[in-house]
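Enquirer: Quick one, coords_22.cif (mmCIF, C-alpha atoms and all ligand atoms):
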```
data_upload
#
loop_
_atom_site.group_PDB
_atom_site.id
_atom_site.type_symbol
_atom_site.label_atom_id
_atom_site.label_comp_id
_atom_site.auth_asym_id
_atom_site.auth_seq_id
_atom_site.Cartn_x
_atom_site.Cartn_y
_atom_site.Cartn_z
ATOM 1 C CA MET A 1239 0.000 0.000 0.000
ATOM 2 C CA GLU A 1240 3.081 2.282 0.225
ATOM 3 C CA ASN A 1241 2.816 3.236 -3.400
ATOM 4 C CA THR A 1242 -0.948 3.670 -3.091
ATOM 5 C CA VAL A 1243 -0.392 6.521 -0.630
ATOM 6 C CA GLU A 1244 1.759 8.334 -3.200
ATOM 7 C CA LYS A 1245 -0.863 7.749 -5.878
ATOM 8 C CA ALA A 1246 -3.572 9.042 -3.540
ATOM 9 C CA LEU A 1247 -1.537 12.226 -3.014
ATOM 10 C CA GLU A 1248 -1.416 12.792 -6.783
ATOM 11 C CA TYR A 1249 -5.105 11.967 -7.133
ATOM 12 C CA VAL A 1250 -6.347 14.415 -4.491
ATOM 13 C CA LYS A 1251 -4.071 17.122 -5.842
ATOM 14 C CA LYS A 1252 -6.041 16.905 -9.097
ATOM 15 C CA VAL A 1253 -9.458 16.689 -7.400
ATOM 16 C CA PHE A 1254 -8.933 19.805 -5.253
ATOM 17 C CA GLU A 1255 -6.998 21.912 -7.768
ATOM 18 C CA ASN A 1256 -9.727 24.531 -8.161
ATOM 19 C CA ASP A 1257 -11.305 24.585 -4.717
ATOM 20 C CA TYR A 1258 -11.513 27.889 -2.880
ATOM 21 C CA SER A 1259 -14.031 26.853 -0.225
ATOM 22 C CA GLY A 1260 -11.489 25.906 2.442
ATOM 23 C CA HIS A 1261 -11.203 22.312 1.218
ATOM 24 C CA ASP A 1262 -8.215 22.968 -0.990
ATOM 25 C CA PHE A 1263 -5.379 20.477 -1.523
ATOM 26 C CA PHE A 1264 -3.317 22.065 1.266
ATOM 27 C CA HIS A 1265 -6.090 21.277 3.776
ATOM 28 C CA ILE A 1266 -5.847 17.650 2.695
ATOM 29 C CA LEU A 1267 -2.053 17.754 2.942
ATOM 30 C CA ARG A 1268 -2.157 19.195 6.486
ATOM 31 C CA VAL A 1269 -4.700 16.595 7.598
ATOM 32 C CA TYR A 1270 -2.543 13.852 6.068
ATOM 33 C CA LYS A 1271 0.567 15.065 7.935
ATOM 34 C CA MET A 1272 -1.214 15.653 11.252
ATOM 35 C CA ALA A 1273 -3.052 12.309 11.030
ATOM 36 C CA THR A 1274 0.298 10.598 10.380
ATOM 37 C CA ASN A 1275 1.840 12.230 13.466
ATOM 38 C CA ILE A 1276 -1.114 11.284 15.665
ATOM 39 C CA ALA A 1277 -1.147 7.731 14.263
ATOM 40 C CA ILE A 1278 2.552 7.239 15.084
ATOM 41 C CA LYS A 1279 1.951 8.369 18.698
ATOM 42 C CA GLU A 1280 -1.135 6.159 18.975
ATOM 43 C CA LYS A 1281 0.508 3.176 17.217
ATOM 44 C CA ALA A 1282 -2.367 3.033 14.749
ATOM 45 C CA ASP A 1283 -2.220 1.418 11.292
ATOM 46 C CA LEU A 1284 -0.377 4.089 9.324
ATOM 47 C CA LYS A 1285 -1.482 3.181 5.820
ATOM 48 C CA ILE A 1286 -5.179 3.028 6.701
ATOM 49 C CA VAL A 1287 -4.873 6.401 8.446
ATOM 50 C CA GLN A 1288 -2.985 7.976 5.539
ATOM 51 C CA LEU A 1289 -5.360 6.755 2.840
ATOM 52 C CA ALA A 1290 -8.443 7.776 4.812
ATOM 53 C CA ALA A 1291 -6.897 11.215 5.505
ATOM 54 C CA LEU A 1292 -6.049 11.777 1.853
ATOM 55 C CA LEU A 1293 -9.462 10.646 0.579
ATOM 56 C CA HIS A 1294 -11.620 12.077 3.389
ATOM 57 C CA ASP A 1295 -13.068 14.988 1.414
ATOM 58 C CA VAL A 1296 -13.282 13.670 -2.179
ATOM 59 C CA ASP A 1297 -16.923 12.625 -1.626
ATOM 60 C CA ASP A 1298 -17.813 15.500 0.717
ATOM 61 C CA ILE A 1299 -21.535 16.247 0.664
ATOM 62 C CA LYS A 1300 -20.919 19.917 -0.149
ATOM 63 C CA LEU A 1301 -18.421 19.262 -2.937
ATOM 64 C CA SER A 1302 -19.706 16.042 -4.471
ATOM 65 C CA PRO A 1303 -23.298 15.369 -3.299
ATOM 66 C CA GLU A 1304 -23.930 12.733 -5.983
ATOM 67 C CA THR A 1305 -21.082 10.463 -4.808
ATOM 68 C CA HIS A 1306 -21.360 11.285 -1.089
ATOM 69 C CA THR A 1307 -23.526 8.413 0.148
ATOM 70 C CA ASN A 1308 -21.607 5.568 -1.475
ATOM 71 C CA LYS A 1309 -18.192 7.279 -1.411
ATOM 72 C CA ASP A 1310 -17.850 6.435 -5.115
ATOM 73 C CA LYS A 1311 -14.697 8.443 -5.764
ATOM 74 C CA ALA A 1312 -12.798 7.020 -2.780
ATOM 75 C CA ARG A 1313 -14.026 3.493 -3.561
ATOM 76 C CA ASN A 1314 -13.061 3.717 -7.241
ATOM 77 C CA PHE A 1315 -9.619 5.008 -6.435
ATOM 78 C CA LEU A 1316 -8.977 2.249 -3.880
ATOM 79 C CA THR A 1317 -10.384 -0.483 -6.131
ATOM 80 C CA ILE A 1318 -8.273 0.588 -9.120
ATOM 81 C CA ASN A 1319 -5.231 0.523 -6.849
ATOM 82 C CA ASN A 1320 -5.914 -3.033 -5.650
ATOM 83 C CA VAL A 1321 -6.624 -2.204 -2.019
ATOM 84 C CA SER A 1322 -8.352 -5.196 -0.372
ATOM 85 C CA GLU A 1323 -12.128 -5.173 0.052
ATOM 86 C CA THR A 1324 -11.736 -5.266 3.855
ATOM 87 C CA ASN A 1325 -9.440 -2.250 3.855
ATOM 88 C CA ILE A 1326 -11.735 -0.358 1.459
ATOM 89 C CA GLU A 1327 -14.642 -0.889 3.867
ATOM 90 C CA THR A 1328 -12.549 0.241 6.845
ATOM 91 C CA ILE A 1329 -11.381 3.383 5.027
ATOM 92 C CA CYS A 1330 -14.884 4.277 3.790
ATOM 93 C CA GLN A 1331 -16.289 3.799 7.278
ATOM 94 C CA ILE A 1332 -13.647 6.166 8.668
ATOM 95 C CA ILE A 1333 -14.499 8.767 6.010
ATOM 96 C CA ASP A 1334 -18.176 8.419 6.870
ATOM 97 C CA GLU A 1335 -17.574 8.861 10.606
ATOM 98 C CA ILE A 1336 -15.196 11.813 10.618
ATOM 99 C CA SER A 1337 -17.377 14.623 9.331
ATOM 100 C CA TYR A 1338 -18.791 17.185 11.718
ATOM 101 C CA ARG A 1339 -22.612 17.137 11.789
ATOM 102 C CA GLY A 1340 -23.434 19.333 14.732
ATOM 103 C CA ASN A 1341 -25.095 17.304 17.480
ATOM 104 C CA ASP A 1342 -25.277 14.307 15.130
ATOM 105 C CA SER A 1343 -21.486 13.871 15.013
ATOM 106 C CA VAL A 1344 -20.141 10.422 15.937
ATOM 107 C CA VAL A 1345 -17.058 9.018 17.689
ATOM 108 C CA PRO A 1346 -15.233 6.789 15.185
ATOM 109 C CA LYS A 1347 -15.233 3.072 16.058
ATOM 110 C CA THR A 1348 -11.602 2.427 15.143
ATOM 111 C CA LEU A 1349 -8.395 3.966 16.504
ATOM 112 C CA GLU A 1350 -7.477 4.847 12.912
ATOM 113 C CA GLY A 1351 -10.762 6.764 12.513
ATOM 114 C CA LYS A 1352 -10.099 8.655 15.729
ATOM 115 C CA CYS A 1353 -6.682 9.792 14.428
ATOM 116 C CA VAL A 1354 -8.127 11.073 11.134
ATOM 117 C CA GLN A 1355 -11.111 12.786 12.781
ATOM 118 C CA ASP A 1356 -8.810 14.583 15.229
ATOM 119 C CA ALA A 1357 -6.495 15.730 12.416
ATOM 120 C CA ASP A 1358 -9.408 17.038 10.326
ATOM 121 C CA ARG A 1359 -10.875 18.890 13.289
ATOM 122 C CA LEU A 1360 -7.530 20.373 14.346
ATOM 123 C CA ASP A 1361 -7.339 21.959 10.903
ATOM 124 C CA ALA A 1362 -10.611 23.789 11.590
ATOM 125 C CA ILE A 1363 -9.194 25.596 14.653
ATOM 126 C CA GLY A 1364 -6.260 27.915 15.426
ATOM 127 C CA ALA A 1365 -4.769 30.408 12.968
ATOM 128 C CA ILE A 1366 -5.468 28.188 9.959
ATOM 129 C CA GLY A 1367 -8.988 27.467 11.195
ATOM 130 C CA ILE A 1368 -9.710 31.200 11.418
ATOM 131 C CA ALA A 1369 -8.496 31.686 7.828
ATOM 132 C CA ARG A 1370 -10.573 28.744 6.588
ATOM 133 C CA ALA A 1371 -13.711 29.969 8.345
ATOM 134 C CA PHE A 1372 -13.527 33.387 6.671
ATOM 135 C CA ALA A 1373 -12.636 31.838 3.315
ATOM 136 C CA TYR A 1374 -15.694 29.577 3.621
ATOM 137 C CA GLY A 1375 -17.893 32.480 4.723
ATOM 138 C CA GLY A 1376 -16.844 34.601 1.735
ATOM 139 C CA ASN A 1377 -17.311 31.673 -0.608
ATOM 140 C CA HIS A 1378 -20.859 31.160 0.725
ATOM 141 C CA ASN A 1379 -21.824 34.852 0.783
ATOM 142 C CA ARG A 1380 -21.976 35.082 4.553
ATOM 143 C CA VAL A 1381 -21.337 38.300 6.448
ATOM 144 C CA ILE A 1382 -18.352 38.393 8.787
ATOM 145 C CA TYR A 1383 -20.471 39.315 11.800
ATOM 146 C CA ASP A 1384 -23.909 40.706 12.643
ATOM 147 C CA PRO A 1385 -24.665 41.282 16.345
ATOM 148 C CA ASP A 1386 -28.402 40.818 15.634
ATOM 149 C CA ILE A 1387 -27.948 37.231 14.461
ATOM 150 C CA THR A 1388 -27.298 35.027 17.502
ATOM 151 C CA PRO A 1389 -25.441 31.695 17.325
ATOM 152 C CA ASN A 1390 -27.493 28.481 17.240
ATOM 153 C CA LEU A 1391 -25.632 26.221 19.647
ATOM 154 C CA ASN A 1392 -27.719 23.093 19.184
ATOM 155 C CA MET A 1393 -27.800 22.273 15.501
ATOM 156 C CA GLY A 1394 -28.377 18.823 14.058
ATOM 157 C CA SER A 1395 -26.714 17.831 10.779
ATOM 158 C CA GLU A 1396 -29.470 19.263 8.520
ATOM 159 C CA GLU A 1397 -29.397 22.722 10.083
ATOM 160 C CA TYR A 1398 -25.616 22.653 10.256
ATOM 161 C CA ILE A 1399 -25.328 22.117 6.521
ATOM 162 C CA LYS A 1400 -28.177 24.384 5.377
ATOM 163 C CA GLY A 1401 -28.279 27.147 7.997
ATOM 164 C CA LYS A 1402 -27.311 30.730 7.177
ATOM 165 C CA SER A 1403 -25.351 32.220 10.027
ATOM 166 C CA THR A 1404 -22.408 34.611 10.282
ATOM 167 C CA THR A 1405 -18.791 33.513 10.250
ATOM 168 C CA ILE A 1406 -18.197 34.800 13.785
ATOM 169 C CA ASN A 1407 -21.175 32.689 14.912
ATOM 170 C CA HIS A 1408 -19.469 29.665 13.369
ATOM 171 C CA PHE A 1409 -16.818 29.961 16.086
ATOM 172 C CA TYR A 1410 -19.524 29.369 18.720
ATOM 173 C CA GLU A 1411 -21.570 26.924 16.654
ATOM 174 C CA LYS A 1412 -18.623 24.650 15.869
ATOM 175 C CA LEU A 1413 -15.044 25.797 16.395
ATOM 176 C CA PHE A 1414 -15.137 26.308 20.187
ATOM 177 C CA LYS A 1415 -16.802 22.901 20.590
ATOM 178 C CA LEU A 1416 -14.069 20.930 18.881
ATOM 179 C CA LYS A 1417 -11.490 20.908 21.698
ATOM 180 C CA ASP A 1418 -13.730 18.801 23.939
ATOM 181 C CA LEU A 1419 -14.509 16.413 21.089
ATOM 182 C CA MET A 1420 -10.894 15.375 20.456
ATOM 183 C CA ASN A 1421 -10.267 11.637 20.811
ATOM 184 C CA THR A 1422 -6.503 11.326 21.306
ATOM 185 C CA ASP A 1423 -4.278 12.804 24.021
ATOM 186 C CA ILE A 1424 -1.925 14.594 21.645
ATOM 187 C CA ALA A 1425 -4.844 16.204 19.757
ATOM 188 C CA LYS A 1426 -6.319 17.424 23.063
ATOM 189 C CA ILE A 1427 -3.065 19.249 23.858
ATOM 190 C CA ILE A 1428 -2.792 20.850 20.408
ATOM 191 C CA ALA A 1429 -6.506 21.761 20.439
ATOM 192 C CA GLN A 1430 -6.125 23.591 23.749
ATOM 193 C CA GLN A 1431 -3.323 25.773 22.327
ATOM 194 C CA ARG A 1432 -5.296 26.530 19.185
ATOM 195 C CA GLU A 1433 -8.448 27.325 21.128
ATOM 196 C CA ASN A 1434 -6.568 29.809 23.329
ATOM 197 C CA TYR A 1435 -5.360 31.534 20.190
ATOM 198 C CA MET A 1436 -8.905 31.751 18.751
ATOM 199 C CA LYS A 1437 -10.281 33.126 22.026
ATOM 200 C CA ASP A 1438 -7.662 35.909 21.936
ATOM 201 C CA TYR A 1439 -8.600 36.587 18.344
ATOM 202 C CA ILE A 1440 -12.338 36.876 19.095
ATOM 203 C CA ASN A 1441 -11.602 39.154 22.061
ATOM 204 C CA GLU A 1442 -9.582 41.464 19.859
ATOM 205 C CA PHE A 1443 -12.276 41.319 17.148
ATOM 206 C CA MET A 1444 -14.982 42.401 19.609
ATOM 207 C CA ASN A 1445 -12.758 45.159 20.978
ATOM 208 C CA GLU A 1446 -12.320 46.564 17.497
ATOM 209 C CA TRP A 1447 -15.975 46.085 16.483
ATOM 210 C CA ASP A 1448 -17.322 49.279 18.035
ATOM 211 C CA GLY A 1449 -14.780 51.351 16.163
ATOM 212 C CA ILE A 1450 -13.425 52.840 19.346
ATOM 213 C CA ARG A 1451 -9.962 51.334 19.801
HETATM 214 P P1 LIG A 1501 -14.153 19.586 7.377
HETATM 215 O O1 LIG A 1501 -13.345 19.656 6.131
HETATM 216 O O2 LIG A 1501 -13.318 19.800 8.609
HETATM 217 O O3 LIG A 1501 -15.105 18.445 7.456
HETATM 218 P P2 LIG A 1501 -16.320 21.383 6.802
HETATM 219 O O4 LIG A 1501 -16.550 20.744 5.513
HETATM 220 O O5 LIG A 1501 -17.424 21.401 7.791
HETATM 221 O O6 LIG A 1501 -15.025 20.867 7.523
HETATM 222 O O7 LIG A 1501 -15.834 22.868 6.546
HETATM 223 C C1 LIG A 1501 -14.629 23.222 5.912
HETATM 224 C C2 LIG A 1501 -14.044 24.468 6.557
HETATM 225 O O8 LIG A 1501 -14.982 25.515 6.462
HETATM 226 C C3 LIG A 1501 -13.753 24.299 8.048
HETATM 227 O O9 LIG A 1501 -12.603 25.018 8.418
HETATM 228 C C4 LIG A 1501 -14.996 24.843 8.698
HETATM 229 O O10 LIG A 1501 -14.786 25.330 10.009
HETATM 230 C C5 LIG A 1501 -15.371 25.946 7.741
HETATM 231 N N1 LIG A 1501 -16.809 26.132 7.764
HETATM 232 C C6 LIG A 1501 -17.773 25.203 7.651
HETATM 233 N N2 LIG A 1501 -19.003 25.746 7.794
HETATM 234 C C7 LIG A 1501 -18.775 27.067 8.008
HETATM 235 C C8 LIG A 1501 -19.609 28.180 8.245
HETATM 236 N N3 LIG A 1501 -20.925 28.049 8.306
HETATM 237 N N4 LIG A 1501 -19.044 29.389 8.430
HETATM 238 C C9 LIG A 1501 -17.705 29.536 8.394
HETATM 239 N N5 LIG A 1501 -16.854 28.527 8.176
HETATM 240 C C10 LIG A 1501 -17.378 27.303 7.986
HETATM 241 NI NI NI A 1502 -11.579 18.019 5.814
#
```
Show me, as structure tokens, the structure contained in the file I just sent.
Ligand code: ADP
Ligand code: NI

Expert:
Amino acid sequence: MENTVEKALEYVKKVFENDYSGHDFFHILRVYKMATNIAIKEKADLKIVQLAALLHDVDDIKLSPETHTNKDKARNFLTINNVSETNIETICQIIDEISYRGNDSVVPKTLEGKCVQDADRLDAIGAIGIARAFAYGGNHNRVIYDPDITPNLNMGSEEYIKGKSTTINHFYEKLFKLKDLMNTDIAKIIAQQRENYMKDYINEFMNEWDGIR
């Protein structure tokens, strides 16, 4: 499967070439690297983790709704590259479990799934997470902030995907919840640092909002 990881890198580079929604190739690359680091610490199966990390967004419901349910793109890639049926099922299950669905999110069943979910979620917080949130907001025509629109803290998956909120609200609706949802010890430590940074950022944002200082 060594070679398959390299092929998967090339494949996702092509798939995400023209994405400006915060799911670009570099997001995938960061998740791949972070998932690898977590997997080494956790002694998880490296190849399963790496393939799931690289393929985790190719069938994303927002980017590819028609292949989302069956994970057609991930499945086709793995089949063409002779990955065993058992490993294909494991990888597709991990991909299915990792995505954030508000209150309907799940804890992955396997250690490998936990590593990939943590890596994906770490990329949504901290300095990079802030950049991705505003990139996503701009891409979806959302305002940066509107004090009259209050955050909805209890969204299920449907509302999470379809709702129209502000990007600052997204910090409360998702980003500040992620630290407590981390599965592995190392991800918990990194998440705490990144959350502190985001809290400082939001404080500064609110200080500047009134146009006084
Ligand atoms: P992931 O790739 O981690 O599964 P999503 O597909 O939910 O994440 O979103 C991709 C990026 O866009 C993440 O950084 C996420 O925080 C951000 N994002 C998602 N929904 C919103 C939103 N409503 N407002 C601002 N940013 C968002
Ligand atoms: Ni992702």

Enquirer: Within 8 Å of ligand LIG 1501 (chain A), counting all atoms listed in the file, which protein or nucleic acid residues do you find, written as a PyMOL selection string?

Expert: chain A and resi 1259-1261+1265+1295+1298+1300+1336-1339+1358-1359+1361-1363+1366-1375+1380+1398-1399+1401-1409+1412-1413

Enquirer: The selected residues should be written to file as a PDB file, keeping the file's coordinate frame (atoms: C-alpha atoms).

Expert:
```pdb
ATOM      1  CA  SER A1259     -14.031  26.853  -0.225  1.00  0.00           C
ATOM      2  CA  GLY A1260     -11.489  25.906   2.442  1.00  0.00           C
ATOM      3  CA  HIS A1261     -11.203  22.312   1.218  1.00  0.00           C
ATOM      4  CA  HIS A1265      -6.090  21.277   3.776  1.00  0.00           C
ATOM      5  CA  ASP A1295     -13.068  14.988   1.414  1.00  0.00           C
ATOM      6  CA  ASP A1298     -17.813  15.500   0.717  1.00  0.00           C
ATOM      7  CA  LYS A1300     -20.919  19.917  -0.149  1.00  0.00           C
ATOM      8  CA  ILE A1336     -15.196  11.813  10.618  1.00  0.00           C
ATOM      9  CA  SER A1337     -17.377  14.623   9.331  1.00  0.00           C
ATOM     10  CA  TYR A1338     -18.791  17.185  11.718  1.00  0.00           C
ATOM     11  CA  ARG A1339     -22.612  17.137  11.789  1.00  0.00           C
ATOM     12  CA  ASP A1358      -9.408  17.038  10.326  1.00  0.00           C
ATOM     13  CA  ARG A1359     -10.875  18.890  13.289  1.00  0.00           C
ATOM     14  CA  ASP A1361      -7.339  21.959  10.903  1.00  0.00           C
ATOM     15  CA  ALA A1362     -10.611  23.789  11.590  1.00  0.00           C
ATOM     16  CA  ILE A1363      -9.194  25.596  14.653  1.00  0.00           C
ATOM     17  CA  ILE A1366      -5.468  28.188   9.959  1.00  0.00           C
ATOM     18  CA  GLY A1367      -8.988  27.467  11.195  1.00  0.00           C
ATOM     19  CA  ILE A1368      -9.710  31.200  11.418  1.00  0.00           C
ATOM     20  CA  ALA A1369      -8.496  31.686   7.828  1.00  0.00           C
ATOM     21  CA  ARG A1370     -10.573  28.744   6.588  1.00  0.00           C
ATOM     22  CA  ALA A1371     -13.711  29.969   8.345  1.00  0.00           C
ATOM     23  CA  PHE A1372     -13.527  33.387   6.671  1.00  0.00           C
ATOM     24  CA  ALA A1373     -12.636  31.838   3.315  1.00  0.00           C
ATOM     25  CA  TYR A1374     -15.694  29.577   3.621  1.00  0.00           C
ATOM     26  CA  GLY A1375     -17.893  32.480   4.723  1.00  0.00           C
ATOM     27  CA  ARG A1380     -21.976  35.082   4.553  1.00  0.00           C
ATOM     28  CA  TYR A1398     -25.616  22.653  10.256  1.00  0.00           C
ATOM     29  CA  ILE A1399     -25.328  22.117   6.521  1.00  0.00           C
ATOM     30  CA  GLY A1401     -28.279  27.147   7.997  1.00  0.00           C
ATOM     31  CA  LYS A1402     -27.311  30.730   7.177  1.00  0.00           C
ATOM     32  CA  SER A1403     -25.351  32.220  10.027  1.00  0.00           C
ATOM     33  CA  THR A1404     -22.408  34.611  10.282  1.00  0.00           C
ATOM     34  CA  THR A1405     -18.791  33.513  10.250  1.00  0.00           C
ATOM     35  CA  ILE A1406     -18.197  34.800  13.785  1.00  0.00           C
ATOM     36  CA  ASN A1407     -21.175  32.689  14.912  1.00  0.00           C
ATOM     37  CA  HIS A1408     -19.469  29.665  13.369  1.00  0.00           C
ATOM     38  CA  PHE A1409     -16.818  29.961  16.086  1.00  0.00           C
ATOM     39  CA  LYS A1412     -18.623  24.650  15.869  1.00  0.00           C
ATOM     40  CA  LEU A1413     -15.044  25.797  16.395  1.00  0.00           C
TER      41      LEU A1413
END
```

Enquirer: List the residues selected by the PyMOL selection byres (((chain A and resi 1328) around 12) and not hetatm) in the file shown, writing them as number ranges by chain.

Expert: A: 1283, 1285-1287, 1289-1290, 1312-1313, 1316, 1321-1327, 1329-1335, 1346-1351

Enquirer: Of the candidates A:Leu1391, A:Leu1419, A:Leu1360, A:Ala1246, which one gets nearest to A:Lys1311 if we count all atoms listed in the file?

Expert: A:Ala1246

Enquirer: Using only C-alpha atoms and all ligand atoms, which of A:Thr1305, A:Gln1355, A:Asn1275, A:Thr1317 sits nearest ligand NI 1502 (chain A)?

Expert: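 With only C-alpha atoms and all ligand atoms as the atom set, the closest residue is A:Gln1355.
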
Enquirer: Might you spell out which residues the PyMOL selection byres (((chain A and resi 1385) around 10) and not hetatm) would select in the displayed file, as a list in words?

Expert: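 Those residues are Tyr1383, Asp1384, Asp1386, Ile1387, Thr1388, Pro1389, Thr1404, Ile1406, Asn1407 and Trp1447 of chain A.
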
Enquirer: Write the residues of the preceding selection, restricted to C-alpha atoms, as a CSV table (one decimal), in the frame of the given file.

Expert:
```csv
chain,number,residue,atom,x,y,z
A,1383,TYR,CA,-20.5,39.3,11.8
A,1384,ASP,CA,-23.9,40.7,12.6
A,1386,ASP,CA,-28.4,40.8,15.6
A,1387,ILE,CA,-27.9,37.2,14.5
A,1388,THR,CA,-27.3,35.0,17.5
A,1389,PRO,CA,-25.4,31.7,17.3
A,1404,THR,CA,-22.4,34.6,10.3
A,1406,ILE,CA,-18.2,34.8,13.8
A,1407,ASN,CA,-21.2,32.7,14.9
A,1447,TRP,CA,-16.0,46.1,16.5
```

Enquirer: Quick check on the file I pasted: which residues fall under the PyMOL selection byres (((chain A and resi 1433) around 10) and not hetatm)? Write them as a PyMOL selection string.

Expert: chain A and resi 1360+1363-1365+1367+1413-1417+1428-1432+1434-1439

Enquirer: Restricting the calculation to all atoms listed in the file: of A:Asn1390, A:Asn1256, A:Thr1274, A:Asn1314, which residue gets closest to A:Leu1301?

Expert: A:Asn1256

Enquirer: Calculated over only C-alpha atoms, which of the candidates A:Thr1242, A:Asn1308, A:Asn1319, A:Ser1302 has the smallest distance to A:Gln1288?

Expert: A:Thr1242

Enquirer: Quick one: distance from atom CA of A:Met1420 to atom CA of A:Glu1280 in Å, one decimal?

Expert: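 So the answer is 13.5 Å.
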
Enquirer: Between A:Val1345, A:Met1444, A:Ile1278, A:Leu1292, which is the closest to ligand NI 1502 (chain A) once you count all atoms listed in the file?

Expert: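 Among the listed residues, the smallest separation from ligand NI 1502 (chain A) belongs to A:Leu1292.
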
Enquirer: Atom CA of A:Ile1318 and atom CA of A:Asn1241, how far apart in Å?

Expert: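 Calculated distance between atom CA of A:Asn1241 and atom CA of A:Ile1318 is 12.8 Å.
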
Enquirer: Using all atoms listed in the file, determine which residues lie at most 12 Å from A:Glu1248, disregarding the query and same-chain residues fewer than 5 positions distant; provide the list as a ChimeraX atom specification.

Expert: /A:1241-1243,1253-1255,1263,1266-1267,1292-1293,1315
